[in-house]
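*Asks:* Structure provided below as structure tokens; questions to follow.
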Amino acid sequence: APYGYVFAERCEVELIHTRHILIRYAGAKSAPDDLERSEEEARALAASIHAEIEGGADFAEVAREKSEDGSSERGGDVGVVGRGLLAPEYEEAAFAVAAGELTPVVQTDYGFHIVERIE
């Protein structure tokens, strides 16, 4: 390279495919300024949505209706991403479950997430 020698080593990249539902609260990162929902209210709403999905509701439909994230248009689909690209709490929960399973409600700086790992 123009600035000297570079040594590179290929390493395995851990990939994961998830979809999620995000419930924001006032003060969360990227939350609208006019959002008045408290953190406690957001946690309760996320828990209610989680129970709805565990009860058999279609994840993608619920995401389209209730998620407060741009991925809602795609049924919450975040796509396939490598480790280190998402919020650490989100990743830790997502990598801890098997494909087809939901994580518990996960809190990040953006709010509360209901995450489903996809095949």
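By convention here, the chains of the structure tokens are called A, B, ... in the order presented, each chain's residues are numbered starting at 1, and ligands are numbered starting at 1 in the order presented.
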Which residues are near Gly75 of chain A? Cut-off 8 Å, only C-alpha atoms, ignore same chain within fewer than 6 positions. Put them as an MDAnalysis selection string.

*Replies:* chainID A and resid 19 59:64

*Asks:* Grab the residues selected above and save them as a CSV table (one decimal), in the first residue's frame with all heavy atoms.

*Replies:*
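File written: result-v9.csv
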```csv
chain,number,residue,atom,x,y,z
A,19,ARG,N,-36.2,-9.6,12.4
A,19,ARG,CA,-37.2,-8.6,12.3
A,19,ARG,C,-37.6,-8.1,13.7
A,19,ARG,O,-37.4,-8.9,14.6
A,19,ARG,CB,-38.4,-9.0,11.4
A,19,ARG,CG,-39.2,-10.2,11.9
A,19,ARG,CD,-40.2,-10.6,10.9
A,19,ARG,NE,-40.9,-11.9,11.3
A,19,ARG,CZ,-41.9,-12.4,10.6
A,19,ARG,NH1,-42.3,-11.9,9.5
A,19,ARG,NH2,-42.4,-13.5,11.0
A,59,PHE,N,-46.5,-11.8,13.2
A,59,PHE,CA,-45.5,-10.8,13.5
A,59,PHE,C,-45.5,-9.7,12.5
A,59,PHE,O,-45.4,-8.5,12.9
A,59,PHE,CB,-44.1,-11.5,13.6
A,59,PHE,CG,-43.1,-10.6,14.2
A,59,PHE,CD1,-42.7,-10.8,15.5
A,59,PHE,CD2,-42.5,-9.6,13.5
A,59,PHE,CE1,-41.7,-10.0,16.1
A,59,PHE,CE2,-41.5,-8.8,14.0
A,59,PHE,CZ,-41.1,-9.0,15.4
A,60,ALA,N,-45.4,-10.0,11.2
A,60,ALA,CA,-45.3,-9.0,10.2
A,60,ALA,C,-46.5,-8.0,10.2
A,60,ALA,O,-46.3,-6.8,10.1
A,60,ALA,CB,-45.1,-9.6,8.8
A,61,GLU,N,-47.7,-8.5,10.4
A,61,GLU,CA,-48.8,-7.7,10.4
A,61,GLU,C,-48.8,-6.7,11.6
A,61,GLU,O,-49.1,-5.5,11.5
A,61,GLU,CB,-50.1,-8.5,10.5
A,61,GLU,CG,-50.5,-9.1,9.1
A,61,GLU,CD,-51.7,-10.0,9.2
A,61,GLU,OE1,-52.6,-9.6,10.0
A,61,GLU,OE2,-51.8,-10.9,8.4
A,62,VAL,N,-48.4,-7.3,12.8
A,62,VAL,CA,-48.3,-6.4,14.0
A,62,VAL,C,-47.3,-5.4,13.8
A,62,VAL,O,-47.5,-4.2,14.2
A,62,VAL,CB,-48.1,-7.3,15.2
A,62,VAL,CG1,-47.9,-6.4,16.5
A,62,VAL,CG2,-49.2,-8.3,15.5
A,63,ALA,N,-46.1,-5.7,13.2
A,63,ALA,CA,-45.1,-4.8,13.0
A,63,ALA,C,-45.5,-3.6,12.1
A,63,ALA,O,-45.2,-2.5,12.3
A,63,ALA,CB,-43.8,-5.5,12.4
A,64,ARG,N,-46.3,-4.0,11.0
A,64,ARG,CA,-46.8,-2.9,10.1
A,64,ARG,C,-47.7,-2.0,10.8
A,64,ARG,O,-47.7,-0.8,10.6
A,64,ARG,CB,-47.5,-3.6,8.9
A,64,ARG,CG,-46.6,-4.2,7.9
A,64,ARG,CD,-47.3,-4.7,6.7
A,64,ARG,NE,-46.5,-5.5,5.9
A,64,ARG,CZ,-46.4,-6.8,6.0
A,64,ARG,NH1,-47.2,-7.5,6.8
A,64,ARG,NH2,-45.6,-7.5,5.3
```

*Asks:* Going by DSSP on the backbone, which bits of segment 11-119 of chain A are helix (DSSP H, G or I)? Write them as a short mmCIF file (atom, residue, chain, number, x, y, z; two decimals) with all heavy atoms, in the first residue's frame, please.

*Replies:*
```cif
data_model
loop_
_atom_site.label_atom_id
_atom_site.label_comp_id
_atom_site.auth_asym_id
_atom_site.auth_seq_id
_atom_site.Cartn_x
_atom_site.Cartn_y
_atom_site.Cartn_z
N GLU A 39 -41.23 5.98 29.61
CA GLU A 39 -40.48 4.73 29.49
C GLU A 39 -41.29 3.56 30.03
O GLU A 39 -41.33 2.49 29.41
CB GLU A 39 -39.15 4.85 30.23
CG GLU A 39 -38.23 3.69 30.07
CD GLU A 39 -36.87 3.90 30.73
OE1 GLU A 39 -36.45 5.06 30.91
OE2 GLU A 39 -36.23 2.89 31.04
N GLU A 40 -41.97 3.76 31.15
CA GLU A 40 -42.79 2.70 31.75
C GLU A 40 -43.96 2.33 30.84
O GLU A 40 -44.30 1.15 30.70
CB GLU A 40 -43.29 3.14 33.13
CG GLU A 40 -42.20 3.32 34.16
CD GLU A 40 -41.39 4.62 33.99
OE1 GLU A 40 -41.92 5.59 33.39
OE2 GLU A 40 -40.23 4.66 34.40
N GLU A 41 -44.59 3.34 30.25
CA GLU A 41 -45.70 3.08 29.33
C GLU A 41 -45.23 2.32 28.10
O GLU A 41 -45.91 1.41 27.62
CB GLU A 41 -46.37 4.39 28.91
CG GLU A 41 -47.12 5.08 30.02
CD GLU A 41 -47.54 6.50 29.67
OE1 GLU A 41 -46.83 7.18 28.90
OE2 GLU A 41 -48.60 6.93 30.18
N ALA A 42 -44.06 2.68 27.60
CA ALA A 42 -43.50 1.99 26.43
C ALA A 42 -43.17 0.54 26.76
O ALA A 42 -43.45 -0.37 25.97
CB ALA A 42 -42.25 2.72 25.94
N ARG A 43 -42.61 0.32 27.93
CA ARG A 43 -42.29 -1.06 28.36
C ARG A 43 -43.56 -1.89 28.45
O ARG A 43 -43.60 -3.03 27.98
CB ARG A 43 -41.56 -1.05 29.70
CG ARG A 43 -41.14 -2.43 30.19
CD ARG A 43 -40.58 -2.41 31.62
NE ARG A 43 -39.66 -1.33 31.89
CZ ARG A 43 -38.34 -1.38 31.68
NH1 ARG A 43 -37.81 -2.47 31.18
NH2 ARG A 43 -37.57 -0.36 31.98
N ALA A 44 -44.62 -1.33 29.02
CA ALA A 44 -45.89 -2.06 29.16
C ALA A 44 -46.50 -2.34 27.79
O ALA A 44 -47.02 -3.44 27.56
CB ALA A 44 -46.85 -1.25 30.03
N LEU A 45 -46.44 -1.37 26.87
CA LEU A 45 -46.97 -1.57 25.53
C LEU A 45 -46.19 -2.66 24.80
O LEU A 45 -46.78 -3.54 24.16
CB LEU A 45 -46.95 -0.26 24.74
CG LEU A 45 -47.44 -0.32 23.30
CD1 LEU A 45 -48.86 -0.89 23.21
CD2 LEU A 45 -47.36 1.08 22.67
N ALA A 46 -44.87 -2.63 24.92
CA ALA A 46 -44.04 -3.65 24.28
C ALA A 46 -44.36 -5.04 24.84
O ALA A 46 -44.45 -6.01 24.10
CB ALA A 46 -42.56 -3.33 24.46
N ALA A 47 -44.54 -5.14 26.16
CA ALA A 47 -44.89 -6.43 26.78
C ALA A 47 -46.24 -6.92 26.27
O ALA A 47 -46.41 -8.12 26.01
CB ALA A 47 -44.89 -6.29 28.30
N SER A 48 -47.18 -6.02 26.09
CA SER A 48 -48.50 -6.38 25.58
C SER A 48 -48.42 -6.89 24.14
O SER A 48 -49.05 -7.89 23.79
CB SER A 48 -49.41 -5.15 25.66
OG SER A 48 -50.61 -5.37 24.99
N ILE A 49 -47.62 -6.22 23.33
CA ILE A 49 -47.44 -6.64 21.93
C ILE A 49 -46.73 -8.00 21.88
O ILE A 49 -47.08 -8.87 21.08
CB ILE A 49 -46.67 -5.57 21.14
CG1 ILE A 49 -47.53 -4.31 21.02
CG2 ILE A 49 -46.26 -6.08 19.77
CD1 ILE A 49 -46.78 -3.10 20.50
N HIS A 50 -45.73 -8.19 22.74
CA HIS A 50 -45.01 -9.46 22.81
C HIS A 50 -46.00 -10.60 23.11
O HIS A 50 -45.97 -11.65 22.46
CB HIS A 50 -43.93 -9.38 23.88
CG HIS A 50 -42.97 -10.51 23.88
ND1 HIS A 50 -43.25 -11.73 24.47
CD2 HIS A 50 -41.73 -10.63 23.36
CE1 HIS A 50 -42.23 -12.54 24.32
NE2 HIS A 50 -41.27 -11.90 23.64
N ALA A 51 -46.88 -10.37 24.09
CA ALA A 51 -47.87 -11.38 24.46
C ALA A 51 -48.84 -11.65 23.30
O ALA A 51 -49.23 -12.79 23.06
CB ALA A 51 -48.64 -10.93 25.69
N GLU A 52 -49.19 -10.61 22.57
CA GLU A 52 -50.07 -10.75 21.41
C GLU A 52 -49.45 -11.67 20.36
O GLU A 52 -50.11 -12.55 19.81
CB GLU A 52 -50.32 -9.35 20.82
CG GLU A 52 -51.27 -9.29 19.68
CD GLU A 52 -51.45 -7.86 19.15
OE1 GLU A 52 -51.16 -6.88 19.89
OE2 GLU A 52 -51.88 -7.73 18.00
N ILE A 53 -48.16 -11.48 20.11
CA ILE A 53 -47.47 -12.32 19.11
C ILE A 53 -47.32 -13.74 19.63
O ILE A 53 -47.53 -14.70 18.89
CB ILE A 53 -46.12 -11.69 18.73
CG1 ILE A 53 -46.36 -10.38 18.01
CG2 ILE A 53 -45.29 -12.65 17.86
CD1 ILE A 53 -45.13 -9.53 17.86
N GLU A 54 -46.94 -13.89 20.90
CA GLU A 54 -46.85 -15.23 21.47
C GLU A 54 -48.20 -15.94 21.44
O GLU A 54 -48.26 -17.15 21.39
CB GLU A 54 -46.31 -15.17 22.90
CG GLU A 54 -44.83 -14.96 22.96
CD GLU A 54 -44.28 -15.18 24.35
OE1 GLU A 54 -44.91 -14.76 25.34
OE2 GLU A 54 -43.20 -15.80 24.44
N PHE A 59 -46.52 -11.78 13.18
CA PHE A 59 -45.49 -10.79 13.52
C PHE A 59 -45.46 -9.65 12.52
O PHE A 59 -45.45 -8.47 12.90
CB PHE A 59 -44.11 -11.47 13.61
CG PHE A 59 -43.06 -10.59 14.21
CD1 PHE A 59 -42.66 -10.79 15.52
CD2 PHE A 59 -42.45 -9.57 13.49
CE1 PHE A 59 -41.68 -9.97 16.10
CE2 PHE A 59 -41.49 -8.76 14.05
CZ PHE A 59 -41.10 -8.96 15.37
N ALA A 60 -45.41 -9.99 11.24
CA ALA A 60 -45.28 -8.96 10.19
C ALA A 60 -46.47 -8.00 10.21
O ALA A 60 -46.28 -6.78 10.07
CB ALA A 60 -45.13 -9.61 8.82
N GLU A 61 -47.66 -8.52 10.38
CA GLU A 61 -48.85 -7.65 10.42
C GLU A 61 -48.80 -6.72 11.62
O GLU A 61 -49.10 -5.53 11.51
CB GLU A 61 -50.12 -8.50 10.46
CG GLU A 61 -50.46 -9.15 9.14
CD GLU A 61 -51.74 -9.97 9.21
OE1 GLU A 61 -52.61 -9.65 10.04
OE2 GLU A 61 -51.83 -10.93 8.44
N VAL A 62 -48.43 -7.26 12.77
CA VAL A 62 -48.35 -6.44 13.98
C VAL A 62 -47.26 -5.38 13.81
O VAL A 62 -47.45 -4.22 14.18
CB VAL A 62 -48.09 -7.31 15.23
CG1 VAL A 62 -47.87 -6.45 16.46
CG2 VAL A 62 -49.24 -8.28 15.46
N ALA A 63 -46.14 -5.75 13.21
CA ALA A 63 -45.06 -4.79 12.98
C ALA A 63 -45.53 -3.65 12.08
O ALA A 63 -45.24 -2.48 12.33
CB ALA A 63 -43.84 -5.48 12.37
N ARG A 64 -46.25 -3.97 11.02
CA ARG A 64 -46.76 -2.94 10.11
C ARG A 64 -47.69 -1.96 10.83
O ARG A 64 -47.69 -0.78 10.56
CB ARG A 64 -47.49 -3.57 8.93
CG ARG A 64 -46.57 -4.16 7.90
CD ARG A 64 -47.32 -4.67 6.66
NE ARG A 64 -46.45 -5.53 5.88
CZ ARG A 64 -46.40 -6.84 5.99
NH1 ARG A 64 -47.20 -7.48 6.82
NH2 ARG A 64 -45.56 -7.55 5.25
N GLU A 65 -48.46 -2.48 11.77
CA GLU A 65 -49.45 -1.66 12.47
C GLU A 65 -48.87 -0.88 13.65
O GLU A 65 -49.28 0.24 13.91
CB GLU A 65 -50.58 -2.54 13.01
CG GLU A 65 -51.43 -3.19 11.94
CD GLU A 65 -52.41 -4.22 12.51
OE1 GLU A 65 -52.58 -4.28 13.75
OE2 GLU A 65 -52.97 -4.98 11.70
N LYS A 66 -47.91 -1.49 14.37
CA LYS A 66 -47.53 -0.92 15.67
C LYS A 66 -46.08 -0.49 15.82
O LYS A 66 -45.75 0.24 16.75
CB LYS A 66 -47.88 -1.91 16.77
CG LYS A 66 -49.37 -2.21 16.82
CD LYS A 66 -49.74 -3.15 17.93
CE LYS A 66 -51.26 -3.39 17.92
NZ LYS A 66 -51.67 -4.31 18.96
N GLY A 70 -38.66 2.54 10.69
CA GLY A 70 -38.78 2.49 9.25
C GLY A 70 -38.95 1.09 8.69
O GLY A 70 -39.47 0.91 7.60
N SER A 71 -38.53 0.08 9.44
CA SER A 71 -38.66 -1.30 8.96
C SER A 71 -40.09 -1.80 9.04
O SER A 71 -40.40 -2.87 8.54
CB SER A 71 -37.75 -2.23 9.76
OG SER A 71 -38.21 -2.35 11.10
N SER A 72 -40.98 -1.02 9.64
CA SER A 72 -42.37 -1.46 9.78
C SER A 72 -43.02 -1.73 8.43
O SER A 72 -43.83 -2.65 8.31
CB SER A 72 -43.19 -0.43 10.56
OG SER A 72 -43.26 0.79 9.86
N GLU A 73 -42.64 -0.97 7.41
CA GLU A 73 -43.19 -1.18 6.07
C GLU A 73 -42.86 -2.56 5.52
O GLU A 73 -43.59 -3.09 4.69
CB GLU A 73 -42.63 -0.12 5.11
CG GLU A 73 -42.98 1.29 5.49
CD GLU A 73 -42.19 2.31 4.70
OE1 GLU A 73 -41.28 1.94 3.93
OE2 GLU A 73 -42.49 3.51 4.86
N ARG A 74 -41.77 -3.13 6.00
CA ARG A 74 -41.33 -4.46 5.56
C ARG A 74 -41.69 -5.54 6.60
O ARG A 74 -41.06 -6.58 6.67
CB ARG A 74 -39.82 -4.46 5.34
CG ARG A 74 -39.34 -3.51 4.27
CD ARG A 74 -37.82 -3.58 4.05
NE ARG A 74 -37.04 -3.40 5.25
CZ ARG A 74 -36.71 -2.21 5.80
NH1 ARG A 74 -37.13 -1.10 5.24
NH2 ARG A 74 -35.98 -2.15 6.88
N PRO A 88 -25.91 -3.28 20.85
CA PRO A 88 -25.39 -4.47 21.55
C PRO A 88 -26.47 -5.29 22.25
O PRO A 88 -26.45 -6.51 22.21
CB PRO A 88 -24.39 -3.90 22.56
CG PRO A 88 -24.00 -2.58 21.99
CD PRO A 88 -25.19 -2.07 21.24
N GLU A 89 -27.43 -4.63 22.90
CA GLU A 89 -28.48 -5.36 23.62
C GLU A 89 -29.37 -6.14 22.64
O GLU A 89 -29.77 -7.27 22.93
CB GLU A 89 -29.36 -4.37 24.41
CG GLU A 89 -28.61 -3.51 25.40
CD GLU A 89 -28.07 -2.21 24.82
OE1 GLU A 89 -28.13 -2.00 23.59
OE2 GLU A 89 -27.56 -1.40 25.61
N TYR A 90 -29.65 -5.52 21.51
CA TYR A 90 -30.45 -6.17 20.46
C TYR A 90 -29.72 -7.41 19.95
O TYR A 90 -30.30 -8.48 19.87
CB TYR A 90 -30.66 -5.16 19.33
CG TYR A 90 -31.52 -5.61 18.17
CD1 TYR A 90 -32.78 -5.07 18.00
CD2 TYR A 90 -31.07 -6.53 17.23
CE1 TYR A 90 -33.59 -5.44 16.92
CE2 TYR A 90 -31.86 -6.91 16.16
CZ TYR A 90 -33.12 -6.37 16.01
OH TYR A 90 -33.90 -6.75 14.94
N GLU A 91 -28.44 -7.25 19.62
CA GLU A 91 -27.65 -8.37 19.10
C GLU A 91 -27.54 -9.50 20.11
O GLU A 91 -27.70 -10.67 19.75
CB GLU A 91 -26.25 -7.91 18.73
CG GLU A 91 -26.19 -7.21 17.42
CD GLU A 91 -24.77 -6.93 16.98
OE1 GLU A 91 -23.81 -7.39 17.65
OE2 GLU A 91 -24.63 -6.26 15.96
N GLU A 92 -27.25 -9.16 21.35
CA GLU A 92 -27.09 -10.20 22.38
C GLU A 92 -28.35 -11.04 22.49
O GLU A 92 -28.30 -12.27 22.53
CB GLU A 92 -26.78 -9.54 23.72
CG GLU A 92 -26.52 -10.52 24.83
CD GLU A 92 -26.18 -9.84 26.15
OE1 GLU A 92 -25.59 -8.74 26.13
OE2 GLU A 92 -26.52 -10.43 27.19
N ALA A 93 -29.50 -10.39 22.50
CA ALA A 93 -30.77 -11.11 22.59
C ALA A 93 -31.04 -11.92 21.33
O ALA A 93 -31.45 -13.08 21.40
CB ALA A 93 -31.91 -10.13 22.85
N ALA A 94 -30.80 -11.33 20.16
CA ALA A 94 -31.10 -11.99 18.89
C ALA A 94 -30.23 -13.23 18.67
O ALA A 94 -30.71 -14.26 18.20
CB ALA A 94 -30.94 -11.02 17.73
N PHE A 95 -28.95 -13.14 19.00
CA PHE A 95 -28.05 -14.27 18.82
C PHE A 95 -28.30 -15.37 19.87
O PHE A 95 -27.88 -16.50 19.69
CB PHE A 95 -26.59 -13.84 18.87
CG PHE A 95 -26.05 -13.34 17.55
CD1 PHE A 95 -25.96 -11.99 17.29
CD2 PHE A 95 -25.65 -14.23 16.56
CE1 PHE A 95 -25.46 -11.52 16.07
CE2 PHE A 95 -25.16 -13.78 15.34
CZ PHE A 95 -25.07 -12.42 15.10
N ALA A 96 -29.02 -15.05 20.94
CA ALA A 96 -29.26 -16.01 22.02
C ALA A 96 -30.45 -16.93 21.75
O ALA A 96 -30.63 -17.91 22.47
CB ALA A 96 -29.47 -15.27 23.34
#
```

*Asks:* Report, in Å to a single decimal, how far apart atom CA of Ser67 of chain A and atom CA of Glu119 of chain A are.

*Replies:*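 Distance reported for this atom pair: 21.3 Å.
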
*Asks:* Point out the residue among A:Glu116, A:Glu68, A:Glu101, A:Asp58 with the least atom-to-atom distance to Leu35 of chain A, counting only C-alpha atoms.

*Replies:*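 Smallest distance to Leu35 of chain A is found for A:Glu68.
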
*Asks:* How many Å separate atom CA of Tyr25 of chain A from atom CA of Gln107 of chain A?

*Replies:*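 These atoms are spaced 10.9 Å apart.
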
*Asks:* Between A:Gly55, A:Val81, A:Leu86, A:Glu9, which one has atoms that come closest to Thr108 of chain A, using only C-alpha atoms?

*Replies:*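 The answer is A:Leu86, which sits nearest to Thr108 of chain A.
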
*Asks:* Assign secondary structure with DSSP using the backbone only, and return the residues of chain A in strand (DSSP E) as a ChimeraX atom specification.

*Replies:* /A:15-23,77-82,106-108,111-118

*Asks:* Could you turn the residues from that selection into a file that holds C-alpha atoms, as a CSV table (one decimal), in the first residue's frame?

*Replies:*
```csv
chain,number,residue,atom,x,y,z
A,15,LEU,CA,-24.6,-13.1,10.2
A,16,ILE,CA,-28.1,-12.9,11.6
A,17,HIS,CA,-31.5,-12.2,10.0
A,18,THR,CA,-34.1,-10.6,12.3
A,19,ARG,CA,-37.2,-8.6,12.3
A,20,HIS,CA,-38.4,-6.4,15.1
A,21,ILE,CA,-41.1,-4.1,16.5
A,22,LEU,CA,-39.9,-0.9,18.1
A,23,ILE,CA,-41.8,1.0,20.7
A,77,ASP,CA,-37.6,-7.0,8.6
A,78,VAL,CA,-34.1,-5.6,9.4
A,79,GLY,CA,-32.4,-7.9,6.9
A,80,VAL,CA,-29.3,-10.0,7.2
A,81,VAL,CA,-26.5,-8.1,9.1
A,82,GLY,CA,-23.2,-9.0,10.6
A,106,VAL,CA,-35.2,-5.8,24.8
A,107,GLN,CA,-34.4,-2.2,25.8
A,108,THR,CA,-31.9,-0.2,23.8
A,111,GLY,CA,-36.7,2.1,22.9
A,112,PHE,CA,-38.1,-1.3,23.5
A,113,HIS,CA,-37.8,-4.1,20.8
A,114,ILE,CA,-39.6,-7.3,20.2
A,115,VAL,CA,-37.2,-9.3,18.1
A,116,GLU,CA,-37.8,-12.4,16.0
A,117,ARG,CA,-34.8,-14.3,14.6
A,118,ILE,CA,-35.4,-15.6,11.1
```

*Asks:* Point out the residue among A:Glu36, A:Arg24, A:Thr103, A:Leu85 with the least atom-to-atom distance to Asp69 of chain A, counting only C-alpha atoms.

*Replies:*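 Checking each candidate against Asp69 of chain A, we get A:Arg24 as the closest.
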